[in-house]
>>> print(open('input_35.pdb').read())   # PDB, C-alpha atoms
ATOM      1  CA  MET P   1       0.000   0.000   0.000
ATOM      2  CA  ALA P   2       1.299   3.450  -0.940
ATOM      3  CA  ASN P   3       1.646   6.030   1.814
ATOM      4  CA  HIS P   4       1.027   9.724   2.277
ATOM      5  CA  THR P   5       3.946  11.546   3.897
ATOM      6  CA  LEU P   6       4.558  14.682   5.943
ATOM      7  CA  THR P   7       7.653  16.630   6.938
ATOM      8  CA  VAL P   8       7.182  19.197   9.711
ATOM      9  CA  ASN P   9       9.354  20.477  12.559
ATOM     10  CA  ASP P  10      12.272  18.427  11.168
ATOM     11  CA  LYS P  11      10.230  15.238  11.620
ATOM     12  CA  PHE P  12       9.105  12.793   8.945
ATOM     13  CA  PHE P  13       5.802  10.892   9.087
ATOM     14  CA  SER P  14       4.303   8.263   6.779
ATOM     15  CA  PHE P  15       0.779   6.815   6.985
ATOM     16  CA  GLU P  16      -1.576   4.851   4.758
ATOM     17  CA  THR P  17      -4.615   7.083   5.345
ATOM     18  CA  TRP P  18      -4.998  10.772   4.657
ATOM     19  CA  ASP P  19      -6.627  11.488   8.027
ATOM     20  CA  GLN P  20      -3.660  10.018   9.902
ATOM     21  CA  ILE P  21      -1.440  12.504   8.076
ATOM     22  CA  TYR P  22      -3.903  15.326   8.664
ATOM     23  CA  GLN P  23      -4.210  14.630  12.400
ATOM     24  CA  THR P  24      -0.423  14.509  12.716
ATOM     25  CA  TYR P  25      -0.108  17.813  10.875
ATOM     26  CA  LEU P  26      -2.681  19.413  13.207
ATOM     27  CA  LYS P  27      -0.899  18.128  16.296
ATOM     28  CA  GLU P  28       2.559  19.265  15.199
ATOM     29  CA  VAL P  29       1.347  22.792  14.464
ATOM     30  CA  LEU P  30      -0.886  23.177  17.523
ATOM     31  CA  VAL P  31       1.451  21.567  20.061
ATOM     32  CA  ASN P  32       4.908  22.303  18.652
ATOM     33  CA  GLY P  33       4.302  25.382  16.519
ATOM     34  CA  GLU P  34       5.304  28.910  17.458
ATOM     35  CA  THR P  35       2.888  31.586  18.641
ATOM     36  CA  PHE P  36       2.517  34.234  15.949
ATOM     37  CA  THR P  37       0.259  37.282  15.690
ATOM     38  CA  GLY P  38      -0.752  38.181  12.143
ATOM     39  CA  ARG P  39      -3.409  40.357  10.516
ATOM     40  CA  ASN P  40      -6.163  38.024  11.761
ATOM     41  CA  GLY P  41      -4.922  37.608  15.310
ATOM     42  CA  LEU P  42      -3.010  34.953  17.202
ATOM     43  CA  THR P  43      -2.029  31.685  15.567
ATOM     44  CA  ARG P  44       0.101  28.638  16.195
ATOM     45  CA  SER P  45       2.419  28.481  13.196
ATOM     46  CA  VAL P  46       5.144  26.415  11.562
ATOM     47  CA  PHE P  47       7.477  27.874   8.965
ATOM     48  CA  GLY P  48       8.583  25.370   6.365
ATOM     49  CA  SER P  49       6.677  22.062   6.125
ATOM     50  CA  SER P  50       5.643  19.753   3.303
ATOM     51  CA  VAL P  51       2.991  17.135   2.652
ATOM     52  CA  LYS P  52       2.854  14.543  -0.124
ATOM     53  CA  VAL P  53      -0.433  12.946  -1.135
ATOM     54  CA  ASP P  54      -0.468   9.673  -3.052
ATOM     55  CA  LEU P  55      -3.664   9.539  -5.133
ATOM     56  CA  ARG P  56      -3.155   5.810  -5.680
ATOM     57  CA  ASN P  57      -4.276   5.501  -2.047
ATOM     58  CA  GLY P  58      -7.607   7.211  -2.654
ATOM     59  CA  PHE P  59      -9.090  10.694  -2.618
ATOM     60  CA  PRO P  60      -7.682  13.013   0.117
ATOM     61  CA  LEU P  61     -10.946  14.323   1.560
ATOM     62  CA  THR P  62     -10.905  14.288   5.344
ATOM     63  CA  ALA P  63     -13.608  12.292   7.101
ATOM     64  CA  LEU P  64     -12.757  13.818  10.488
ATOM     65  CA  ARG P  65     -15.577  16.264   9.751
ATOM     66  CA  LYS P  66     -18.081  16.188   6.933
ATOM     67  CA  LEU P  67     -17.053  18.463   4.072
ATOM     68  CA  PRO P  68     -19.303  19.637   1.202
ATOM     69  CA  PHE P  69     -18.041  17.594  -1.749
ATOM     70  CA  LYS P  70     -20.275  19.285  -4.313
ATOM     71  CA  ASN P  71     -19.107  22.717  -3.186
ATOM     72  CA  ILE P  72     -15.501  21.564  -3.613
ATOM     73  CA  ILE P  73     -16.400  20.628  -7.191
ATOM     74  CA  ARG P  74     -18.077  24.030  -7.633
ATOM     75  CA  GLU P  75     -14.862  25.746  -6.487
ATOM     76  CA  PHE P  76     -12.865  23.605  -8.907
ATOM     77  CA  LEU P  77     -15.218  24.547 -11.768
ATOM     78  CA  PHE P  78     -14.890  28.213 -10.794
ATOM     79  CA  ASP P  79     -11.087  27.957 -10.728
ATOM     80  CA  ILE P  80     -10.974  26.502 -14.243
ATOM     81  CA  GLY P  81     -13.564  28.937 -15.604
ATOM     82  CA  THR P  82     -13.321  32.553 -16.730
ATOM     83  CA  ASN P  83     -15.972  34.295 -14.621
ATOM     84  CA  THR P  84     -14.451  36.127 -11.618
ATOM     85  CA  ASN P  85     -17.793  37.024 -10.011
ATOM     86  CA  VAL P  86     -18.744  35.098  -6.869
ATOM     87  CA  GLU P  87     -22.190  34.372  -8.325
ATOM     88  CA  ALA P  88     -20.462  31.886 -10.641
ATOM     89  CA  LEU P  89     -19.666  29.794  -7.547
ATOM     90  CA  GLY P  90     -23.332  29.114  -6.911
ATOM     91  CA  GLU P  91     -23.889  27.507  -3.518
ATOM     92  CA  ALA P  92     -20.154  27.728  -2.760
ATOM     93  CA  LYS P  93     -20.002  31.530  -3.018
ATOM     94  CA  HIS P  94     -20.030  32.058   0.767
ATOM     95  CA  PHE P  95     -16.405  30.855   0.857
ATOM     96  CA  TRP P  96     -15.337  33.839  -1.247
ATOM     97  CA  SER P  97     -17.939  36.594  -0.843
ATOM     98  CA  PHE P  98     -15.941  38.441   1.826
ATOM     99  CA  LEU P  99     -13.159  39.093  -0.707
ATOM    100  CA  ALA P 100     -15.428  40.476  -3.448
ATOM    101  CA  ASP P 101     -16.367  44.099  -4.139
ATOM    102  CA  GLU P 102     -19.906  45.459  -3.767
ATOM    103  CA  ASN P 103     -20.831  43.948  -7.149
ATOM    104  CA  GLY P 104     -19.395  40.512  -6.411
ATOM    105  CA  TRP P 105     -16.195  40.779  -8.468
ATOM    106  CA  LEU P 106     -13.121  39.038  -7.051
ATOM    107  CA  GLY P 107     -10.532  40.301  -9.534
ATOM    108  CA  ALA P 108      -7.027  39.024  -8.788
ATOM    109  CA  SER P 109      -8.275  37.175  -5.679
ATOM    110  CA  ALA P 110      -9.841  34.639  -8.070
ATOM    111  CA  TYR P 111      -7.501  31.866  -9.123
ATOM    112  CA  ASN P 112      -9.069  31.690 -12.576
ATOM    113  CA  ARG P 113      -7.944  35.276 -13.230
ATOM    114  CA  GLY P 114      -4.374  33.987 -13.429
ATOM    115  CA  TRP P 115      -5.019  30.482 -14.714
ATOM    116  CA  ARG P 116      -7.341  31.254 -17.628
ATOM    117  CA  GLN P 117      -6.919  34.977 -18.308
ATOM    118  CA  TRP P 118      -3.501  36.252 -17.263
ATOM    119  CA  PRO P 119      -3.519  39.960 -18.148
ATOM    120  CA  PRO P 120      -1.855  40.928 -21.439
ATOM    121  CA  SER P 121       1.409  42.813 -21.203
ATOM    122  CA  LYS P 122       1.662  46.453 -22.164
ATOM    123  CA  PRO P 123       2.857  47.027 -25.756
ATOM    124  CA  ASP P 124       6.529  47.975 -25.994
ATOM    125  CA  SER P 125       7.204  46.819 -22.400
ATOM    126  CA  GLU P 126       9.706  44.164 -23.469
ATOM    127  CA  VAL P 127      13.342  44.223 -22.453
ATOM    128  CA  PRO P 128      16.204  42.881 -24.626
ATOM    129  CA  ASN P 129      16.045  39.180 -25.492
ATOM    130  CA  GLU P 130      12.356  38.899 -24.560
ATOM    131  CA  ARG P 131       9.058  38.504 -26.379
ATOM    132  CA  LEU P 132       5.698  39.227 -24.733
ATOM    133  CA  ILE P 133       2.121  38.453 -25.671
ATOM    134  CA  THR P 134       0.441  41.835 -25.819
ATOM    135  CA  ASP P 135      -2.755  41.310 -27.791
ATOM    136  CA  GLY P 136      -4.857  39.358 -25.317
ATOM    137  CA  ALA P 137      -5.106  37.439 -22.074
ATOM    138  CA  VAL P 138      -3.064  34.245 -21.663
ATOM    139  CA  ASP P 139      -4.890  30.966 -20.974
ATOM    140  CA  GLN P 140      -2.176  29.241 -18.937
ATOM    141  CA  LEU P 141      -4.333  26.190 -18.196
ATOM    142  CA  HIS P 142      -4.890  25.481 -21.878
ATOM    143  CA  ARG P 143      -1.218  26.128 -22.665
ATOM    144  CA  VAL P 144      -0.004  23.644 -20.036
ATOM    145  CA  THR P 145      -2.516  21.021 -21.167
ATOM    146  CA  GLU P 146      -1.280  21.220 -24.754
ATOM    147  CA  LEU P 147       2.349  21.253 -23.609
ATOM    148  CA  LEU P 148       1.899  17.998 -21.683
ATOM    149  CA  LYS P 149       0.303  16.402 -24.738
ATOM    150  CA  ASP P 150       3.117  17.507 -27.038
ATOM    151  CA  LEU P 151       6.098  17.066 -24.672
ATOM    152  CA  PRO P 152       5.410  14.257 -22.177
ATOM    153  CA  ASN P 153       8.764  14.822 -20.445
ATOM    154  CA  THR P 154       8.507  18.608 -20.031
ATOM    155  CA  ARG P 155       9.622  20.547 -16.961
ATOM    156  CA  HIS P 156       7.882  23.692 -18.200
ATOM    157  CA  ALA P 157       4.287  22.841 -17.235
ATOM    158  CA  THR P 158       3.882  25.731 -14.793
ATOM    159  CA  VAL P 159       0.903  27.978 -14.041
ATOM    160  CA  ILE P 160       1.465  31.307 -12.259
ATOM    161  CA  THR P 161      -1.360  32.485  -9.996
ATOM    162  CA  HIS P 162      -0.062  35.490  -8.074
ATOM    163  CA  ASN P 163       0.137  38.681 -10.128
ATOM    164  CA  PRO P 164       2.478  41.258  -8.521
ATOM    165  CA  THR P 165       1.115  44.032 -10.764
ATOM    166  CA  ALA P 166      -2.368  43.789  -9.213
ATOM    167  CA  VAL P 167      -2.842  46.247  -6.318
ATOM    168  CA  GLY P 168      -5.606  46.459  -3.729
ATOM    169  CA  VAL P 169      -6.326  42.722  -3.990
ATOM    170  CA  GLY P 170      -8.782  41.420  -1.371
ATOM    171  CA  CYS P 171      -6.379  38.570  -0.648
ATOM    172  CA  PRO P 172      -3.446  37.534  -2.849
ATOM    173  CA  PRO P 173      -3.719  33.832  -3.778
ATOM    174  CA  CYS P 174      -2.463  31.553  -1.019
ATOM    175  CA  HIS P 175      -0.872  29.356  -3.694
ATOM    176  CA  PRO P 176       1.301  31.559  -5.942
ATOM    177  CA  MET P 177       1.783  28.885  -8.617
ATOM    178  CA  TRP P 178       1.614  25.197  -9.421
ATOM    179  CA  GLN P 179       3.536  22.800 -11.645
ATOM    180  CA  MET P 180       2.743  19.513 -13.347
ATOM    181  CA  MET P 181       5.626  17.038 -13.598
ATOM    182  CA  PRO P 182       5.294  13.993 -15.892
ATOM    183  CA  ASN P 183       7.219  10.893 -14.862
ATOM    184  CA  GLY P 184       6.775   7.974 -17.217
ATOM    185  CA  GLU P 185       3.148   6.905 -17.069
ATOM    186  CA  TYR P 186       2.484   9.137 -14.060
ATOM    187  CA  LEU P 187       1.681  12.821 -13.633
ATOM    188  CA  ASP P 188       2.612  14.598 -10.389
ATOM    189  CA  MET P 189       1.795  18.103  -9.158
ATOM    190  CA  MET P 190       3.514  20.595  -6.859
ATOM    191  CA  VAL P 191       1.556  23.433  -5.228
ATOM    192  CA  PRO P 192       3.696  25.739  -3.048
ATOM    193  CA  ALA P 193       1.685  27.600  -0.412
ATOM    194  CA  ARG P 194       2.693  30.984   0.980
ATOM    195  CA  SER P 195      -0.091  30.770   3.606
ATOM    196  CA  ASN P 196      -1.707  27.526   4.717
ATOM    197  CA  ASP P 197      -4.746  27.640   7.030
ATOM    198  CA  LEU P 198      -4.699  24.092   8.369
ATOM    199  CA  VAL P 199      -8.284  23.935   9.669
ATOM    200  CA  ILE P 200     -10.314  25.968   7.169
ATOM    201  CA  GLY P 201      -8.500  26.191   3.829
ATOM    202  CA  PHE P 202      -6.179  23.177   3.673
ATOM    203  CA  PRO P 203      -8.844  20.425   3.958
ATOM    204  CA  LEU P 204     -10.603  21.963   0.925
ATOM    205  CA  ASP P 205      -7.473  22.849  -1.052
ATOM    206  CA  ILE P 206      -5.948  19.375  -1.098
ATOM    207  CA  PRO P 207      -8.994  17.626  -2.643
ATOM    208  CA  ARG P 208      -9.456  20.511  -5.101
ATOM    209  CA  TYR P 209      -5.917  20.089  -6.416
ATOM    210  CA  ALA P 210      -6.436  16.331  -6.454
ATOM    211  CA  ILE P 211      -9.352  16.934  -8.817
ATOM    212  CA  ILE P 212      -7.232  19.233 -11.008
ATOM    213  CA  LEU P 213      -4.425  16.660 -11.218
ATOM    214  CA  THR P 214      -6.899  13.845 -11.932
ATOM    215  CA  VAL P 215      -8.571  15.763 -14.752
ATOM    216  CA  MET P 216      -5.263  16.981 -16.213
ATOM    217  CA  ALA P 217      -3.949  13.397 -16.255
ATOM    218  CA  LYS P 218      -7.146  12.220 -17.926
ATOM    219  CA  MET P 219      -6.882  14.904 -20.615
ATOM    220  CA  THR P 220      -3.200  14.285 -21.346
ATOM    221  CA  GLY P 221      -2.906  10.503 -21.136
ATOM    222  CA  PHE P 222      -1.223  10.057 -17.760
ATOM    223  CA  THR P 223      -2.092   8.381 -14.451
ATOM    224  CA  PRO P 224      -2.407  10.848 -11.541
ATOM    225  CA  ARG P 225      -0.048  10.135  -8.665
ATOM    226  CA  PHE P 226       1.554  12.618  -6.213
ATOM    227  CA  ILE P 227       0.527  16.056  -4.999
ATOM    228  CA  TYR P 228       3.284  17.884  -3.128
ATOM    229  CA  MET P 229       2.394  20.956  -1.078
ATOM    230  CA  PRO P 230       5.388  22.658   0.533
ATOM    231  CA  SER P 231       4.118  25.436   2.794
ATOM    232  CA  SER P 232       5.903  28.560   3.917
ATOM    233  CA  ASN P 233       3.603  29.446   6.837
ATOM    234  CA  THR P 234       1.221  26.760   8.072
ATOM    235  CA  HIS P 235      -1.021  27.943  10.885
ATOM    236  CA  ILE P 236      -4.053  27.344  13.093
ATOM    237  CA  TYR P 237      -6.038  30.376  14.238
ATOM    238  CA  GLU P 238      -6.845  30.816  17.917
ATOM    239  CA  ASN P 239     -10.585  30.504  17.300
ATOM    240  CA  CYS P 240      -9.904  27.027  15.830
ATOM    241  CA  PHE P 241      -7.849  25.601  18.717
ATOM    242  CA  GLY P 242     -10.880  23.837  20.195
ATOM    243  CA  ILE P 243     -11.908  22.487  16.797
ATOM    244  CA  THR P 244      -8.383  21.192  16.269
ATOM    245  CA  ASN P 245      -8.456  19.254  19.538
ATOM    246  CA  GLU P 246     -11.795  17.738  18.558
ATOM    247  CA  LEU P 247     -10.470  16.707  15.132
ATOM    248  CA  MET P 248      -7.394  15.106  16.684
ATOM    249  CA  ALA P 249      -9.588  13.050  19.023
ATOM    250  CA  ARG P 250     -11.767  11.555  16.289
ATOM    251  CA  GLU P 251     -11.150   8.087  14.860
ATOM    252  CA  CYS P 252      -9.521   7.796  11.448
ATOM    253  CA  ASP P 253     -10.859   5.679   8.601
ATOM    254  CA  GLY P 254      -9.684   4.813   5.097
ATOM    255  CA  ASP P 255      -9.581   7.277   2.206
ATOM    256  CA  PRO P 256     -12.691   7.741   0.026
ATOM    257  CA  ALA P 257     -12.551   7.379  -3.766
ATOM    258  CA  LEU P 258     -13.187   9.872  -6.552
ATOM    259  CA  SER P 259     -14.984   8.677  -9.668
ATOM    260  CA  VAL P 260     -14.683  10.773 -12.842
ATOM    261  CA  ASN P 261     -16.939  10.390 -15.865
ATOM    262  CA  LYS P 262     -15.378   8.067 -18.427
ATOM    263  CA  ARG P 263     -16.264  10.360 -21.328
ATOM    264  CA  GLU P 264     -13.454  12.324 -22.949
ATOM    265  CA  PHE P 265     -13.282  16.011 -22.055
ATOM    266  CA  SER P 266     -12.840  18.173 -25.150
ATOM    267  CA  SER P 267     -11.605  21.120 -23.077
ATOM    268  CA  TRP P 268     -11.625  22.499 -19.540
ATOM    269  CA  ASP P 269     -14.827  24.338 -20.446
ATOM    270  CA  ASP P 270     -16.514  20.997 -21.150
ATOM    271  CA  ILE P 271     -16.390  19.759 -17.521
ATOM    272  CA  GLN P 272     -19.551  19.709 -15.394
ATOM    273  CA  LEU P 273     -20.578  19.098 -11.777
ATOM    274  CA  GLU P 274     -22.231  15.818 -12.763
ATOM    275  CA  ASP P 275     -18.919  14.403 -14.027
ATOM    276  CA  PHE P 276     -17.748  13.651 -10.471
ATOM    277  CA  GLU P 277     -18.898  11.190  -7.824
ATOM    278  CA  LEU P 278     -17.573  10.528  -4.334
ATOM    279  CA  ASN P 279     -17.549   6.947  -3.061
ATOM    280  CA  PHE P 280     -16.800   5.290   0.314
ATOM    281  CA  TYR P 281     -17.100   8.567   2.233
ATOM    282  CA  ASP P 282     -18.433   8.042   5.781
ATOM    283  CA  PRO P 283     -17.442  11.192   7.660
ATOM    284  CA  HIS P 284     -17.804  12.273  11.262
ATOM    285  CA  PRO P 285     -20.382  15.049  11.866
ATOM    286  CA  SER P 286     -19.645  18.444  10.371
ATOM    287  CA  ILE P 287     -18.165  21.247  12.479
ATOM    288  CA  LYS P 288     -19.084  24.851  11.784
ATOM    289  CA  VAL P 289     -16.020  27.001  11.112
ATOM    290  CA  SER P 290     -15.655  30.679  10.255
ATOM    291  CA  VAL P 291     -13.404  32.011   7.505
ATOM    292  CA  ASN P 292     -10.555  34.043   9.013
TER     293      ASN P 292
END
>>> encode(input="input_35.pdb", output="structure tokens")
Amino acid sequence: MANHTLTVNDKFFSFETWDQIYQTYLKEVLVNGETFTGRNGLTRSVFGSSVKVDLRNGFPLTALRKLPFKNIIREFLFDIGTNTNVEALGEAKHFWSFLADENGWLGASAYNRGWRQWPPSKPDSEVPNERLITDGAVDQLHRVTELLKDLPNTRHATVITHNPTAVGVGCPPCHPMWQMMPNGEYLDMMVPARSNDLVIGFPLDIPRYAIILTVMAKMTGFTPRFIYMPSSNTHIYENCFGITNELMARECDGDPALSVNKREFSSWDDIQLEDFELNFYDPHPSIKVSVN
């Protein structure tokens, strides 16, 4: 059986189930992390940690508390779309509404702004030995998909999310970029995190990237395998300390499974909510959490 792994506080952990890794991560940050006061108050934090998910083990959706699978799919569909208004999230819009303007626009806070419509460069802004696309937005997701089809050993399959030219952003993306790495029959993914909220954001982020890797592998002829997430600052907010203790006390079970429609996807715009099904998911009761 393949294992998920975790490196944190100079310690290495390896477990068969995702929730064993997740509980260990929670404990290391809450018990052994440093006290840090940021813009949202006091946290317990660790600087420099990394988790590796093995999708051959199953789908990394925690069962320590019930999570809204369909809303995770809605966020995924939003991320791969081109509409940056929270209304496009449907029932999942409450996750993002606090970052939108009075008309619901997220702008550069929306991941799809970078992934599907990176802003065109200003004409004549090139420097020597450089060419820029100036006549329209750049669809990085499409470009990487085609690159993986054409060059199945490429190291250039990167998507940039954070745009340093955008000012007044509600919240810069927590994941500044990601990269797909083909390895023989397998496709792996790395998602560096500048800020990693271990209770609220992380349990939703990991399955969302698992869906992205699974779909990308399906579209390019690979088998999805590893997701690496190295994190700069991993933290638990003070108002989640009690929730963390409750999560650590709950019994772990095996990983659920993600089923994706067998039909071929013609493009990222062709994917629908009904293409995904979650199996073998028997979670503990949900816990209400507030976005920090």
>>> closest_residue(input="input_35.pdb", among="P:Val127, P:Val138, P:Leu247, P:Leu204", to="Phe95 in chain P", atoms="all atoms listed in the file")
P:Leu204
>>> closest_atom_pairs(input="input_35.pdb", of="range 90-179 of chain P", to="range 73-78 of chain P", cutoff="10 Å", atoms="only C-alpha atoms", output="CSV")
residue,atom,partner,partner_atom,distance
P:Gly90,CA,P:Arg74,CA,7.3
P:Glu91,CA,P:Arg74,CA,7.9
P:Ala92,CA,P:Arg74,CA,6.5
P:Lys93,CA,P:Glu75,CA,8.5
P:Phe95,CA,P:Glu75,CA,9.1
P:Trp96,CA,P:Glu75,CA,9.7
P:Ala110,CA,P:Phe78,CA,8.6
P:Tyr111,CA,P:Phe78,CA,8.4
P:Asn112,CA,P:Phe78,CA,7.0
>>> residues_around(input="input_35.pdb", residues="Met181 in chain P", least_positions_apart="2", cutoff="9 Å", atoms="all atoms listed in the file", output="PDB file with C-alpha atoms, in the frame of the given file")
ATOM      1  CA  LEU P 148       1.899  17.998 -21.683  1.00  0.00           C
ATOM      2  CA  ASN P 153       8.764  14.822 -20.445  1.00  0.00           C
ATOM      3  CA  THR P 154       8.507  18.608 -20.031  1.00  0.00           C
ATOM      4  CA  ARG P 155       9.622  20.547 -16.961  1.00  0.00           C
ATOM      5  CA  HIS P 156       7.882  23.692 -18.200  1.00  0.00           C
ATOM      6  CA  ALA P 157       4.287  22.841 -17.235  1.00  0.00           C
ATOM      7  CA  THR P 158       3.882  25.731 -14.793  1.00  0.00           C
ATOM      8  CA  GLN P 179       3.536  22.800 -11.645  1.00  0.00           C
ATOM      9  CA  ASN P 183       7.219  10.893 -14.862  1.00  0.00           C
ATOM     10  CA  TYR P 186       2.484   9.137 -14.060  1.00  0.00           C
ATOM     11  CA  LEU P 187       1.681  12.821 -13.633  1.00  0.00           C
ATOM     12  CA  ASP P 188       2.612  14.598 -10.389  1.00  0.00           C
ATOM     13  CA  MET P 189       1.795  18.103  -9.158  1.00  0.00           C
ATOM     14  CA  MET P 190       3.514  20.595  -6.859  1.00  0.00           C
TER      15      MET P 190
END
>>> resolve_selection(input="input_35.pdb", expression="the PyMOL selection byres ((chain P and resi 279-291) around 6)", output="number ranges by chain")
P: 63-66, 256-257, 278, 292
>>> write_last_selection(input="input_35.pdb", atoms="C-alpha atoms", output="PDB file, in the coordinates of the input")
ATOM      1  CA  ALA P  63     -13.608  12.292   7.101  1.00  0.00           C
ATOM      2  CA  LEU P  64     -12.757  13.818  10.488  1.00  0.00           C
ATOM      3  CA  ARG P  65     -15.577  16.264   9.751  1.00  0.00           C
ATOM      4  CA  LYS P  66     -18.081  16.188   6.933  1.00  0.00           C
ATOM      5  CA  PRO P 256     -12.691   7.741   0.026  1.00  0.00           C
ATOM      6  CA  ALA P 257     -12.551   7.379  -3.766  1.00  0.00           C
ATOM      7  CA  LEU P 278     -17.573  10.528  -4.334  1.00  0.00           C
ATOM      8  CA  ASN P 292     -10.555  34.043   9.013  1.00  0.00           C
TER       9      ASN P 292
END
>>> closest_residue(input="input_35.pdb", among="P:Leu198, P:Ser109, P:Asp79, P:Glu34", to="Tyr237 in chain P", atoms="only C-alpha atoms")
P:Leu198
>>> closest_residue(input="input_35.pdb", among="P:Leu6, P:Ile80, P:Met177, P:Leu213", to="Ser267 in chain P", atoms="all atoms listed in the file")
P:Ile80
>>> resolve_selection(input="input_35.pdb", expression="the PyMOL selection byres ((chain P and resi 13) around 10)", output="JSON, numbers by chain")
{"P": [3, 4, 5, 6, 7, 8, 11, 12, 14, 15, 20, 21, 24, 25, 51]}
>>> closest_residue(input="input_35.pdb", among="P:Thr43, P:Lys52, P:Phe98, P:Pro182", to="Val86 in chain P", atoms="only C-alpha atoms")
P:Phe98
>>> atom_distance(input="input_35.pdb", atom1="CA of Asn85 in chain P", atom2="CA of Trp105 in chain P")
4.4 Å
>>> atom_distance(input="input_35.pdb", atom1="CA of Ser266 in chain P", atom2="CA of Pro192 in chain P")
28.6 Å
>>> closest_residue(input="input_35.pdb", among="P:Gln23, P:Ser259, P:Thr17, P:Thr220", to="Glu146 in chain P", atoms="all atoms listed in the file")
P:Thr220
>>> axis_aligned_box(input="input_35.pdb", around="range 139-157 of chain P", padding_each_side="5 Å", output="AutoDock Vina command-line options")
--center_x 2.4 --center_y 22.6 --center_z -22.0 --size_x 24.5 --size_y 26.7 --size_z 20.1
>>> resolve_selection(input="input_35.pdb", expression="the PyMOL selection byres ((chain P and resi 196) around 8)", output="ChimeraX atom specification")
/P:174,193-195,197-198,201-202,231-235
>>> atom_distance(input="input_35.pdb", atom1="CA of Thr214 in chain P", atom2="CA of Gly254 in chain P")
19.5 Å
>>> residues_around(input="input_35.pdb", residues="Phe59 in chain P", least_positions_apart="2", cutoff="7 Å", atoms="only C-alpha atoms", output="NGL selection string")
:P and (55 or 61 or 207 or 255-258)
>>> write_last_selection(input="input_35.pdb", atoms="C-alpha atoms", output="short mmCIF file (atom, residue, chain, number, x, y, z; two decimals), in the coordinates of the input")
data_model
loop_
_atom_site.label_atom_id
_atom_site.label_comp_id
_atom_site.auth_asym_id
_atom_site.auth_seq_id
_atom_site.Cartn_x
_atom_site.Cartn_y
_atom_site.Cartn_z
CA LEU P 55 -3.66 9.54 -5.13
CA LEU P 61 -10.95 14.32 1.56
CA PRO P 207 -8.99 17.63 -2.64
CA ASP P 255 -9.58 7.28 2.21
CA PRO P 256 -12.69 7.74 0.03
CA ALA P 257 -12.55 7.38 -3.77
CA LEU P 258 -13.19 9.87 -6.55
#
>>> closest_residue(input="input_35.pdb", among="P:Val260, P:Val159, P:Leu141, P:Cys252", to="Trp18 in chain P", atoms="only C-alpha atoms")
P:Cys252
>>> decode(input="input_35.pdb", residues="range 161-173 of chain P", atoms="N, CA and C atoms", output="JSON list (two decimals), in the first residue's frame")
[["chain", "number", "residue", "atom", "x", "y", "z"],
["P", 161, "THR", "N", -0.09, 32.00, -10.53],
["P", 161, "THR", "CA", -1.36, 32.49, -10.00],
["P", 161, "THR", "C", -1.25, 33.91, -9.47],
["P", 162, "HIS", "N", -0.22, 34.18, -8.69],
["P", 162, "HIS", "CA", -0.06, 35.49, -8.07],
["P", 162, "HIS", "C", 0.46, 36.51, -9.08],
["P", 163, "ASN", "N", -0.25, 37.63, -9.21],
["P", 163, "ASN", "CA", 0.14, 38.68, -10.13],
["P", 163, "ASN", "C", 0.64, 39.89, -9.33],
["P", 164, "PRO", "N", 1.95, 40.16, -9.33],
["P", 164, "PRO", "CA", 2.48, 41.26, -8.52],
["P", 164, "PRO", "C", 2.09, 42.63, -9.04],
["P", 165, "THR", "N", 1.52, 42.73, -10.26],
["P", 165, "THR", "CA", 1.11, 44.03, -10.76],
["P", 165, "THR", "C", -0.29, 44.42, -10.31],
["P", 166, "ALA", "N", -1.01, 43.49, -9.70],
["P", 166, "ALA", "CA", -2.37, 43.79, -9.21],
["P", 166, "ALA", "C", -2.27, 44.40, -7.81],
["P", 167, "VAL", "N", -2.88, 45.56, -7.61],
["P", 167, "VAL", "CA", -2.84, 46.25, -6.32],
["P", 167, "VAL", "C", -4.25, 46.28, -5.73],
["P", 168, "GLY", "N", -4.32, 46.40, -4.39],
["P", 168, "GLY", "CA", -5.61, 46.46, -3.73],
["P", 168, "GLY", "C", -6.38, 45.15, -3.80],
["P", 169, "VAL", "N", -5.67, 44.04, -3.89],
["P", 169, "VAL", "CA", -6.33, 42.72, -3.99],
["P", 169, "VAL", "C", -6.92, 42.35, -2.64],
["P", 170, "GLY", "N", -8.15, 41.81, -2.63],
["P", 170, "GLY", "CA", -8.78, 41.42, -1.37],
["P", 170, "GLY", "C", -7.91, 40.48, -0.58],
["P", 171, "CYS", "N", -7.35, 39.48, -1.25],
["P", 171, "CYS", "CA", -6.38, 38.57, -0.65],
["P", 171, "CYS", "C", -5.56, 37.95, -1.77],
["P", 172, "PRO", "N", -4.26, 38.19, -1.82],
["P", 172, "PRO", "CA", -3.45, 37.53, -2.85],
["P", 172, "PRO", "C", -3.58, 36.02, -2.72],
["P", 173, "PRO", "N", -3.56, 35.29, -3.83],
["P", 173, "PRO", "CA", -3.72, 33.83, -3.78],
["P", 173, "PRO", "C", -2.76, 33.18, -2.78]]
